[in-house]
Amino acid sequence: MADHDDILIALRRITRAIDLRSRQLLKETGLTAPQLVVIQTLRRQGPMPASALARQVSLSQATVTTILDRLGKAELVTRSRTGSDRRVVTVALTESGAACAAEAPELLQAGFLSRLNTLESWERHMLVASLQRIAAMMDAEDLDAAPFLEVGDIARK
């Protein structure tokens, strides 16, 4: 089998694992991976402007707005305009949003995280560099992609 076939098989296995984990997260929490990333970021860093949140989670402002609409309907976040600049919308977790974030499972499978943590620092750096190189070789450096796993259409920034 050619090297490129081995690469495609490995990428397909990773994609399949991502899909399975995303479905599991949705089933366990009722939230998508992007929604979980947003509430976990707000839990760690506290209330912040929606634009800063978008930068923090590496998603477009439009994508974050859609996520916040859904989280707002579920009463997990609030949005408010404060201060002298009424254009700035500050996002904060509600009490139930904070509880949800505290109880949320890890986005990556626990087995993956435990095995990753057993690697030497240089091995982890090598893995990151290799994956970043693959993304670059696939012309994917400019894709809108936050640090979560979810299969689907990825829009360019």
# chains A, B, ... in the order shown; residues from 1 in each chain; ligands from 1
>>> select_by_dssp(residues="segment 10-153 of chain A", states="alpha helix (DSSP H)", output="PyMOL selection string")
chain A and resi 10-29+33-45+50-56+61-73+95-103+110-118+121-137
>>> select_by_dssp(residues="chain A", states="strand (DSSP E or B)", output="NGL selection string")
:A and (48-49 or 77-81 or 89-93 or 143 or 156)
>>> write_last_selection(atoms="N, CA and C atoms", output="compact mmCIF listing (two decimals), in the first residue's frame")
# COMPACT_ATOMS: atom_id res chain seq x y z
N MET A 48 -17.25 38.25 28.82
CA MET A 48 -16.39 38.96 27.87
C MET A 48 -17.22 39.40 26.68
N PRO A 49 -16.71 40.39 25.94
CA PRO A 49 -17.41 40.80 24.72
C PRO A 49 -17.48 39.63 23.73
N VAL A 77 -26.62 31.28 28.62
CA VAL A 77 -25.85 32.51 28.59
C VAL A 77 -26.79 33.71 28.53
N THR A 78 -26.26 34.84 28.95
CA THR A 78 -26.97 36.12 28.77
C THR A 78 -26.07 37.04 27.97
N ARG A 79 -26.71 37.94 27.24
CA ARG A 79 -25.98 38.97 26.50
C ARG A 79 -26.52 40.32 26.96
N SER A 80 -25.58 41.24 27.19
CA SER A 80 -26.00 42.57 27.63
C SER A 80 -25.09 43.62 27.03
N ARG A 81 -25.65 44.79 26.87
CA ARG A 81 -24.89 45.95 26.40
C ARG A 81 -24.61 46.82 27.61
N VAL A 89 -21.38 43.90 22.97
CA VAL A 89 -22.26 42.95 23.65
C VAL A 89 -21.40 42.05 24.53
N THR A 90 -21.69 42.07 25.82
CA THR A 90 -20.95 41.23 26.77
C THR A 90 -21.74 39.95 27.02
N VAL A 91 -21.03 38.83 26.98
CA VAL A 91 -21.64 37.51 27.16
C VAL A 91 -21.23 36.97 28.52
N ALA A 92 -22.18 36.41 29.24
CA ALA A 92 -21.89 35.79 30.54
C ALA A 92 -22.70 34.51 30.68
N LEU A 93 -22.19 33.60 31.48
CA LEU A 93 -22.92 32.38 31.78
C LEU A 93 -24.02 32.67 32.79
N LEU A 143 -8.67 27.75 7.41
CA LEU A 143 -10.04 27.34 7.71
C LEU A 143 -10.42 27.75 9.12
N ARG A 156 -14.52 28.96 5.36
CA ARG A 156 -13.30 29.75 5.39
C ARG A 156 -13.56 31.07 6.10
